[in-house]
>>> print(open('work-v1.cif').read())   # mmCIF, C-alpha atoms and all ligand atoms
data_structure
loop_
_atom_site.label_atom_id
_atom_site.label_comp_id
_atom_site.auth_asym_id
_atom_site.auth_seq_id
_atom_site.Cartn_x
_atom_site.Cartn_y
_atom_site.Cartn_z
CA MET O 270 0.00 0.00 0.00
CA GLU O 271 1.29 3.41 -0.99
CA ILE O 272 0.71 6.71 0.79
CA ILE O 273 0.55 9.58 -1.69
CA LYS O 274 0.72 13.16 -0.43
CA THR O 275 0.62 15.33 -3.56
CA ILE O 276 -2.11 16.00 -6.12
CA LYS O 277 0.34 15.68 -9.01
CA GLN O 278 1.53 12.23 -7.94
CA MET O 279 -2.01 11.08 -7.24
CA GLN O 280 -3.22 12.19 -10.67
CA SER O 281 -0.33 10.52 -12.46
CA TYR O 282 -0.89 7.27 -10.50
CA SER O 283 -4.60 7.25 -11.44
CA ARG O 284 -3.92 8.17 -15.08
CA GLU O 285 -1.51 5.26 -15.32
CA GLN O 286 -4.15 2.89 -13.88
CA GLN O 287 -6.67 4.19 -16.41
CA ARG O 288 -4.14 3.65 -19.21
CA LEU O 289 -3.77 0.04 -18.02
CA GLY O 290 -7.56 -0.35 -18.25
CA LYS O 291 -8.07 -0.65 -14.48
CA THR O 292 -11.15 0.61 -12.67
CA ILE O 293 -10.70 2.87 -9.65
CA GLY O 294 -12.89 3.03 -6.53
CA LEU O 295 -12.50 6.00 -4.17
CA VAL O 296 -13.55 6.13 -0.53
CA PRO O 297 -13.31 9.74 0.69
CA THR O 298 -12.83 9.98 4.48
CA MET O 299 -11.55 12.32 7.16
CA GLY O 300 -9.73 9.42 8.83
CA TYR O 301 -10.00 7.97 12.33
CA LEU O 302 -11.63 5.04 10.62
CA HIS O 303 -14.34 2.83 12.10
CA GLU O 304 -16.39 -0.15 10.90
CA GLY O 305 -18.63 2.15 8.87
CA HIS O 306 -15.65 3.29 6.77
CA ILE O 307 -14.40 -0.29 6.49
CA GLU O 308 -17.76 -1.30 4.96
CA LEU O 309 -17.25 1.40 2.32
CA VAL O 310 -13.76 0.06 1.64
CA LYS O 311 -15.02 -3.53 1.39
CA ALA O 312 -17.69 -2.46 -1.11
CA ALA O 313 -15.04 -0.60 -3.14
CA ARG O 314 -12.67 -3.59 -2.97
CA LYS O 315 -15.35 -5.90 -4.40
CA GLU O 316 -16.18 -3.69 -7.34
CA ASN O 317 -12.87 -2.18 -8.52
CA ASP O 318 -9.34 -3.14 -9.57
CA ILE O 319 -7.78 -0.29 -7.59
CA VAL O 320 -9.00 1.14 -4.27
CA ILE O 321 -7.96 4.58 -3.10
CA VAL O 322 -8.93 5.89 0.36
CA SER O 323 -8.47 9.60 0.90
CA ILE O 324 -7.80 10.82 4.43
CA PHE O 325 -8.09 14.56 4.76
CA VAL O 326 -9.72 16.57 7.55
CA ASN O 327 -11.19 19.24 5.35
CA PRO O 328 -10.97 22.62 7.13
CA ILE O 329 -13.49 24.40 4.90
CA GLN O 330 -16.43 22.17 5.86
CA PHE O 331 -16.10 23.09 9.57
CA GLY O 332 -17.72 26.24 10.89
CA VAL O 333 -16.24 28.66 13.42
CA GLY O 334 -16.32 27.04 16.87
CA GLU O 335 -16.77 23.51 15.44
CA ASP O 336 -14.40 20.62 16.11
CA PHE O 337 -11.79 20.98 13.31
CA ASP O 338 -8.87 21.40 15.75
CA ILE O 339 -9.80 18.48 17.97
CA TYR O 340 -11.10 16.15 15.23
CA PRO O 341 -9.37 12.79 15.94
CA ARG O 342 -6.40 12.02 13.66
CA ASP O 343 -4.27 8.85 13.65
CA LEU O 344 -2.70 8.00 10.30
CA LYS O 345 -0.70 5.07 11.70
CA ARG O 346 -3.80 3.33 13.04
CA ASP O 347 -5.76 4.10 9.84
CA SER O 348 -2.94 2.75 7.64
CA GLN O 349 -2.88 -0.53 9.58
CA LEU O 350 -6.65 -0.94 9.16
CA LEU O 351 -6.50 -0.17 5.44
CA GLU O 352 -3.52 -2.44 4.81
CA LYS O 353 -5.67 -5.32 6.13
CA GLU O 354 -8.38 -4.44 3.60
CA ASN O 355 -5.92 -4.58 0.69
CA VAL O 356 -6.26 -0.92 -0.14
CA ASP O 357 -3.86 0.16 -2.89
CA VAL O 358 -3.35 3.82 -2.02
CA ILE O 359 -4.04 6.26 0.79
CA PHE O 360 -4.24 9.80 -0.55
CA ASN O 361 -3.29 11.98 2.42
CA PRO O 362 -2.57 15.56 1.39
CA GLU O 363 -1.65 18.40 3.75
CA GLY O 364 -3.99 21.38 4.06
CA GLU O 365 -1.59 23.55 2.02
CA GLU O 366 -1.61 21.02 -0.81
CA MET O 367 -5.39 21.20 -1.15
CA TYR O 368 -5.80 24.90 -0.37
CA PRO O 369 -2.58 26.81 -1.14
CA ALA O 370 -2.36 30.48 -0.18
CA GLY O 371 -4.80 32.51 -2.27
CA TYR O 372 -7.10 29.54 -2.92
CA ASN O 373 -10.49 30.91 -3.91
CA THR O 374 -12.57 28.43 -5.93
CA PHE O 375 -15.64 26.76 -4.44
CA VAL O 376 -18.31 24.36 -5.66
CA GLU O 377 -21.81 24.91 -4.34
CA VAL O 378 -25.08 23.06 -4.82
CA SER O 379 -27.73 25.63 -4.03
CA GLY O 380 -31.39 25.37 -3.06
CA GLU O 381 -33.35 23.48 -0.42
CA ILE O 382 -31.19 20.39 -0.57
CA THR O 383 -28.33 22.28 1.09
CA THR O 384 -30.26 24.79 3.21
CA LYS O 385 -32.33 22.30 5.23
CA LEU O 386 -31.25 19.92 8.01
CA CYS O 387 -27.47 20.17 8.56
CA GLY O 388 -27.30 22.99 6.00
CA ALA O 389 -29.45 25.16 8.30
CA SER O 390 -27.39 24.46 11.42
CA ARG O 391 -23.99 24.44 9.69
CA PRO O 392 -23.97 27.24 7.09
CA GLY O 393 -21.24 26.71 4.48
CA HIS O 394 -20.75 23.07 5.47
CA PHE O 395 -21.98 21.54 2.22
CA ARG O 396 -20.08 24.08 0.12
CA GLY O 397 -16.95 22.84 1.90
CA VAL O 398 -17.92 19.22 1.27
CA THR O 399 -18.75 19.64 -2.42
CA THR O 400 -15.58 21.67 -2.99
CA VAL O 401 -13.28 19.08 -1.43
CA VAL O 402 -15.12 16.14 -3.00
CA SER O 403 -14.80 17.77 -6.46
CA LYS O 404 -11.08 18.23 -5.86
CA LEU O 405 -10.77 14.60 -4.74
CA PHE O 406 -12.62 13.41 -7.85
CA ASN O 407 -10.35 15.50 -10.10
CA THR O 408 -7.28 14.18 -8.29
CA CYS O 409 -8.06 10.47 -7.81
CA LEU O 410 -10.08 10.06 -11.05
CA PRO O 411 -12.40 7.32 -9.73
CA ASP O 412 -14.96 5.33 -11.70
CA LYS O 413 -16.97 4.87 -8.51
CA ALA O 414 -16.99 6.76 -5.20
CA TYR O 415 -18.45 5.36 -1.98
CA PHE O 416 -20.41 7.31 0.65
CA GLY O 417 -22.32 6.21 3.75
CA GLN O 418 -26.09 6.58 4.09
CA LYS O 419 -25.40 7.79 7.66
CA ASP O 420 -24.74 11.21 6.09
CA ALA O 421 -27.96 11.00 4.07
CA GLN O 422 -28.06 14.68 3.11
CA GLN O 423 -24.37 14.69 2.16
CA VAL O 424 -24.79 11.79 -0.25
CA MET O 425 -27.87 13.40 -1.83
CA VAL O 426 -26.00 16.69 -2.31
CA ILE O 427 -23.02 14.89 -3.85
CA GLU O 428 -25.26 12.87 -6.19
CA LYS O 429 -26.87 16.09 -7.38
CA MET O 430 -23.48 17.73 -7.91
CA VAL O 431 -22.19 14.71 -9.87
CA LYS O 432 -25.28 14.71 -12.07
CA GLU O 433 -25.39 18.45 -12.68
CA LEU O 434 -21.63 18.93 -13.24
CA ASN O 435 -21.39 15.73 -15.34
CA PHE O 436 -18.62 14.11 -13.31
CA PRO O 437 -17.91 10.86 -15.19
CA LEU O 438 -18.35 8.53 -12.22
CA THR O 439 -20.95 6.63 -10.20
CA ILE O 440 -21.82 7.33 -6.57
CA VAL O 441 -22.42 4.22 -4.49
CA ARG O 442 -24.44 4.51 -1.27
CA VAL O 443 -23.55 2.10 1.53
CA PRO O 444 -26.08 1.46 4.35
CA ILE O 445 -25.52 2.76 7.91
CA ILE O 446 -23.34 0.55 10.09
CA ARG O 447 -24.38 0.45 13.75
CA GLU O 448 -22.74 -0.72 16.96
CA LYS O 449 -24.37 -3.82 18.47
CA ASP O 450 -26.51 -1.57 20.69
CA GLY O 451 -27.76 0.46 17.70
CA LEU O 452 -25.59 3.59 17.89
CA ALA O 453 -24.65 4.65 14.35
CA MET O 454 -20.88 4.49 13.88
CA SER O 455 -19.16 7.87 13.76
CA SER O 456 -15.65 9.15 14.46
CA ARG O 457 -17.35 11.68 16.76
CA ASN O 458 -18.64 8.90 19.08
CA THR O 459 -15.15 8.95 20.65
CA TYR O 460 -16.02 12.35 22.19
CA LEU O 461 -18.85 10.80 24.28
CA SER O 462 -18.47 9.91 27.97
CA ASP O 463 -19.94 6.52 29.00
CA GLU O 464 -23.00 8.30 30.35
CA LEU O 465 -23.64 10.33 27.20
CA ARG O 466 -22.97 7.34 24.98
CA LYS O 467 -25.75 5.47 26.82
CA GLU O 468 -28.12 8.40 26.35
CA ALA O 469 -27.23 8.58 22.65
CA LEU O 470 -28.86 5.17 22.13
CA LEU O 471 -32.14 7.09 22.19
CA LEU O 472 -31.41 8.33 18.69
CA ASN O 473 -31.72 5.01 16.93
CA GLN O 474 -34.52 3.93 19.28
CA SER O 475 -36.53 7.06 18.53
CA LEU O 476 -36.00 6.61 14.77
CA ILE O 477 -37.31 3.05 15.03
CA LYS O 478 -40.39 4.34 16.89
CA GLY O 479 -40.98 6.92 14.15
CA LYS O 480 -40.53 4.35 11.41
CA GLN O 481 -42.95 1.95 13.12
CA ALA O 482 -45.57 4.70 13.51
CA ILE O 483 -45.38 5.44 9.76
CA GLU O 484 -45.46 1.76 8.85
CA ASN O 485 -48.51 1.34 11.11
CA GLY O 486 -50.33 3.96 9.08
CA GLU O 487 -49.68 7.29 10.88
CA LYS O 488 -50.03 10.00 8.21
CA ASP O 489 -49.52 13.13 10.30
CA VAL O 490 -45.88 14.30 9.96
CA GLU O 491 -46.10 16.54 13.03
CA LYS O 492 -47.38 13.69 15.20
CA VAL O 493 -44.49 11.42 14.17
CA LYS O 494 -41.98 14.23 14.76
CA LYS O 495 -43.43 14.88 18.22
CA LEU O 496 -43.26 11.20 19.10
CA ILE O 497 -39.55 11.18 18.23
CA GLN O 498 -38.83 14.49 19.98
CA ASP O 499 -40.65 13.44 23.17
CA TYR O 500 -38.68 10.20 23.26
CA ILE O 501 -35.34 12.02 22.87
CA LYS O 502 -36.31 14.57 25.52
CA THR O 503 -36.40 11.77 28.13
CA SER O 504 -32.60 12.07 28.05
CA PRO O 505 -31.46 14.81 30.48
CA ASN O 506 -28.48 15.84 28.31
CA ALA O 507 -30.00 15.73 24.83
CA ASN O 508 -30.35 19.02 23.02
CA ILE O 509 -32.32 18.61 19.78
CA ASP O 510 -30.96 20.50 16.78
CA TYR O 511 -33.57 19.08 14.38
CA VAL O 512 -35.96 16.20 13.85
CA GLU O 513 -37.31 16.28 10.30
CA ILE O 514 -39.42 14.06 8.08
CA LEU O 515 -38.88 14.84 4.41
CA SER O 516 -39.02 13.26 0.99
CA GLY O 517 -36.17 10.76 0.73
CA GLU O 518 -35.88 11.61 -2.97
CA ASP O 519 -35.19 15.36 -2.81
CA LEU O 520 -35.71 16.54 0.81
CA SER O 521 -38.90 18.39 -0.13
CA ASP O 522 -41.42 19.04 2.67
CA LEU O 523 -44.24 16.62 3.36
CA SER O 524 -47.30 17.90 5.13
CA ASP O 525 -49.14 14.61 4.94
CA LEU O 526 -47.52 11.23 4.50
CA SER O 527 -50.39 9.98 2.34
CA GLU O 528 -49.08 12.37 -0.38
CA LEU O 529 -46.09 10.21 -0.93
CA LYS O 530 -45.24 6.98 -2.65
CA GLY O 531 -41.59 6.08 -2.37
CA LYS O 532 -39.01 6.96 0.25
CA ILE O 533 -39.47 9.03 3.39
CA LEU O 534 -36.38 10.24 5.25
CA ILE O 535 -36.56 10.65 9.02
CA ALA O 536 -33.44 12.60 9.95
CA LEU O 537 -32.22 14.02 13.21
CA ALA O 538 -29.32 15.88 14.77
CA VAL O 539 -28.96 16.02 18.54
CA LYS O 540 -26.26 17.42 20.79
CA PHE O 541 -25.11 15.48 23.83
CA GLY O 542 -22.89 17.89 25.72
CA ASN O 543 -20.67 19.37 23.00
CA THR O 544 -21.02 16.38 20.70
CA ARG O 545 -23.44 16.75 17.83
CA LEU O 546 -24.63 13.42 16.43
CA ILE O 547 -26.72 12.75 13.34
CA ASP O 548 -28.71 9.67 12.37
CA ASN O 549 -31.54 8.76 10.01
CA GLN O 550 -33.91 6.08 8.76
CA LEU O 551 -35.34 5.67 5.29
CA VAL O 552 -38.92 4.40 5.26
CA GLU O 553 -40.44 2.91 2.11
CA VAL O 554 -44.16 3.63 1.67
O1 LIG R 1 -18.12 12.31 5.24
C1 LIG R 1 -16.95 12.74 5.38
O2 LIG R 1 -16.12 12.15 6.06
C2 LIG R 1 -16.55 14.04 4.70
O3 LIG R 1 -17.61 14.94 4.68
C3 LIG R 1 -15.97 13.84 3.29
C4 LIG R 1 -17.00 13.27 2.34
C5 LIG R 1 -14.76 12.93 3.35
C6 LIG R 1 -15.51 15.19 2.72
O4 LIG R 1 -14.54 15.78 3.52
#
>>> encode(input="work-v1.cif", output="structure tokens", more="lines below")
Ligand code: PAF
Amino acid sequence: MEIIKTIKQMQSYSREQQRLGKTIGLVPTMGYLHEGHIELVKAARKENDIVIVSIFVNPIQFGVGEDFDIYPRDLKRDSQLLEKENVDVIFNPEGEEMYPAGYNTFVEVSGEITTKLCGASRPGHFRGVTTVVSKLFNTCLPDKAYFGQKDAQQVMVIEKMVKELNFPLTIVRVPIIREKDGLAMSSRNTYLSDELRKEALLLNQSLIKGKQAIENGEKDVEKVKKLIQDYIKTSPNANIDYVEILSGEDLSDLSDLSELKGKILIALAVKFGNTRLIDNQLVEV
């Protein structure tokens, strides 16, 4: 396994693979890998000749006062995990390599898809994500790129960007990976104390309650939201950022669930102490 640090070297590696007729799968990450990332890598390994994992904590997707400085980083540990998965290359650029002095080009998907949910609480976040993901696509030249359904809005925004900017690649969604007790895997779970981690189990439990209510025929969006919110509020340390029920196709509003045939997204973001966690469930109706 190679570790490549520069854009030039990464591009020439990928061009050479293309010349040899090999397919390339990219798994973009910010490192501190967990089982969720490993599932993305396994999916990429199955479907491509070459697997590249990028590890880059992208400063421009963090807002002022967010956790960029303390975001966990451990390249040695990540490399050992990726070596075991037969990854071919880790692309691990420095901040200066991606954003040299004077850098001033950004990619933005506008409209409701980026202004709702995390877009409302984290202004500029998705612009940072789509900018770095575009740069990673132009650097690693993948045929397929793998993203987790845990970040449901992120993957929808990236799919829209890929479609509208005609990136010649396919986005593959990989289902959420959960701990045995149901907590969705996230690098940010490491911030939680034992007590808060226990309370955070309410997230998945409340989503299951919401999903069951819809599957049992509840049509009133507000009632389902309230059911979920009331359940989360039983935790003394939970601070709800949002609980939303939207179209799983385009995040449009739903006033009445009988309007819809297809996918409904129940999405939430909740803070436990300083740790903001997100989770979601897709419900087919
Ligand atoms: O999901 C993440 O880890 C990041 O948002 C991504 C896609 C690697 C871009 O920095």
>>> residues_around(input="work-v1.cif", residues="Asp489 (chain O)", least_positions_apart="3", cutoff="10 Å", atoms="all atoms listed in the file", output="mmCIF file with C-alpha atoms, keeping the file's coordinate frame")
data_model
loop_
_atom_site.group_PDB
_atom_site.id
_atom_site.type_symbol
_atom_site.label_atom_id
_atom_site.label_comp_id
_atom_site.auth_asym_id
_atom_site.auth_seq_id
_atom_site.Cartn_x
_atom_site.Cartn_y
_atom_site.Cartn_z
ATOM 1 C CA ALA O 482 -45.570 4.700 13.510
ATOM 2 C CA ILE O 483 -45.380 5.440 9.760
ATOM 3 C CA GLY O 486 -50.330 3.960 9.080
ATOM 4 C CA LYS O 492 -47.380 13.690 15.200
ATOM 5 C CA VAL O 493 -44.490 11.420 14.170
ATOM 6 C CA LYS O 494 -41.980 14.230 14.760
ATOM 7 C CA LEU O 523 -44.240 16.620 3.360
ATOM 8 C CA SER O 524 -47.300 17.900 5.130
ATOM 9 C CA ASP O 525 -49.140 14.610 4.940
ATOM 10 C CA LEU O 526 -47.520 11.230 4.500
ATOM 11 C CA SER O 527 -50.390 9.980 2.340
#
>>> residues_near_ligand(input="work-v1.cif", ligand="ligand LIG 1 (chain R)", cutoff="8 Å", atoms="only C-alpha atoms and all ligand atoms", output="PDB file with C-alpha atoms, in the frame of the given file")
ATOM      1  CA  VAL O 296     -13.550   6.130  -0.530  1.00  0.00           C
ATOM      2  CA  PRO O 297     -13.310   9.740   0.690  1.00  0.00           C
ATOM      3  CA  THR O 298     -12.830   9.980   4.480  1.00  0.00           C
ATOM      4  CA  MET O 299     -11.550  12.320   7.160  1.00  0.00           C
ATOM      5  CA  GLY O 300      -9.730   9.420   8.830  1.00  0.00           C
ATOM      6  CA  SER O 323      -8.470   9.600   0.900  1.00  0.00           C
ATOM      7  CA  ILE O 324      -7.800  10.820   4.430  1.00  0.00           C
ATOM      8  CA  PHE O 325      -8.090  14.560   4.760  1.00  0.00           C
ATOM      9  CA  VAL O 326      -9.720  16.570   7.550  1.00  0.00           C
ATOM     10  CA  ASN O 327     -11.190  19.240   5.350  1.00  0.00           C
ATOM     11  CA  GLN O 330     -16.430  22.170   5.860  1.00  0.00           C
ATOM     12  CA  GLY O 397     -16.950  22.840   1.900  1.00  0.00           C
ATOM     13  CA  VAL O 398     -17.920  19.220   1.270  1.00  0.00           C
ATOM     14  CA  THR O 399     -18.750  19.640  -2.420  1.00  0.00           C
ATOM     15  CA  VAL O 401     -13.280  19.080  -1.430  1.00  0.00           C
ATOM     16  CA  VAL O 402     -15.120  16.140  -3.000  1.00  0.00           C
ATOM     17  CA  PHE O 416     -20.410   7.310   0.650  1.00  0.00           C
ATOM     18  CA  GLY O 417     -22.320   6.210   3.750  1.00  0.00           C
ATOM     19  CA  ASP O 420     -24.740  11.210   6.090  1.00  0.00           C
ATOM     20  CA  GLN O 423     -24.370  14.690   2.160  1.00  0.00           C
TER      21      GLN O 423
END
>>> closest_residue(input="work-v1.cif", among="O:Tyr282, O:Lys532, O:Leu496, O:Thr408", to="Glu366 (chain O)", atoms="only C-alpha atoms")
O:Thr408
>>> closest_residue(input="work-v1.cif", among="O:Leu461, O:Val431, O:Ile440, O:Ala421", to="Asn549 (chain O)", atoms="only C-alpha atoms")
O:Ala421
>>> closest_residue(input="work-v1.cif", among="O:Leu295, O:Asn361, O:Lys274, O:Ile307", to="Val441 (chain O)", atoms="all atoms listed in the file")
O:Leu295
>>> residues_around(input="work-v1.cif", residues="Arg545 (chain O)", least_positions_apart="3", cutoff="12 Å", atoms="only C-alpha atoms", output="PyMOL selection string")
chain O and resi 335-336+387+390-391+455-461+465-466+469+472+506-511+537-542+548
>>> closest_residue(input="work-v1.cif", among="O:Tyr301, O:Lys315, O:Val310, O:Asn485", to="Lys345 (chain O)", atoms="only C-alpha atoms")
O:Tyr301
>>> atom_distance(input="work-v1.cif", atom1="CA of Val320 (chain O)", atom2="CA of Lys449 (chain O)")
27.9 Å
>>> atom_distance(input="work-v1.cif", atom1="CA of Asn317 (chain O)", atom2="CA of Arg288 (chain O)")
15.0 Å
>>> axis_aligned_box(input="work-v1.cif", around="region 489-497 of chain O", padding_each_side="3 Å", output="AutoDock Vina command-line options")
--center_x -44.5 --center_y 13.9 --center_z 14.5 --size_x 16.0 --size_y 11.4 --size_z 15.1
>>> atom_distance(input="work-v1.cif", atom1="CA of Tyr340 (chain O)", atom2="CA of Leu534 (chain O)")
27.8 Å
>>> closest_residue(input="work-v1.cif", among="O:Ser379, O:Thr544, O:Thr275, O:Gln286", to="Leu410 (chain O)", atoms="only C-alpha atoms")
O:Gln286
>>> residues_around(input="work-v1.cif", residues="Ile445 (chain O)", least_positions_apart="3", cutoff="8 Å", atoms="all atoms listed in the file", output="PyMOL selection string")
chain O and resi 305+417-419+453-454
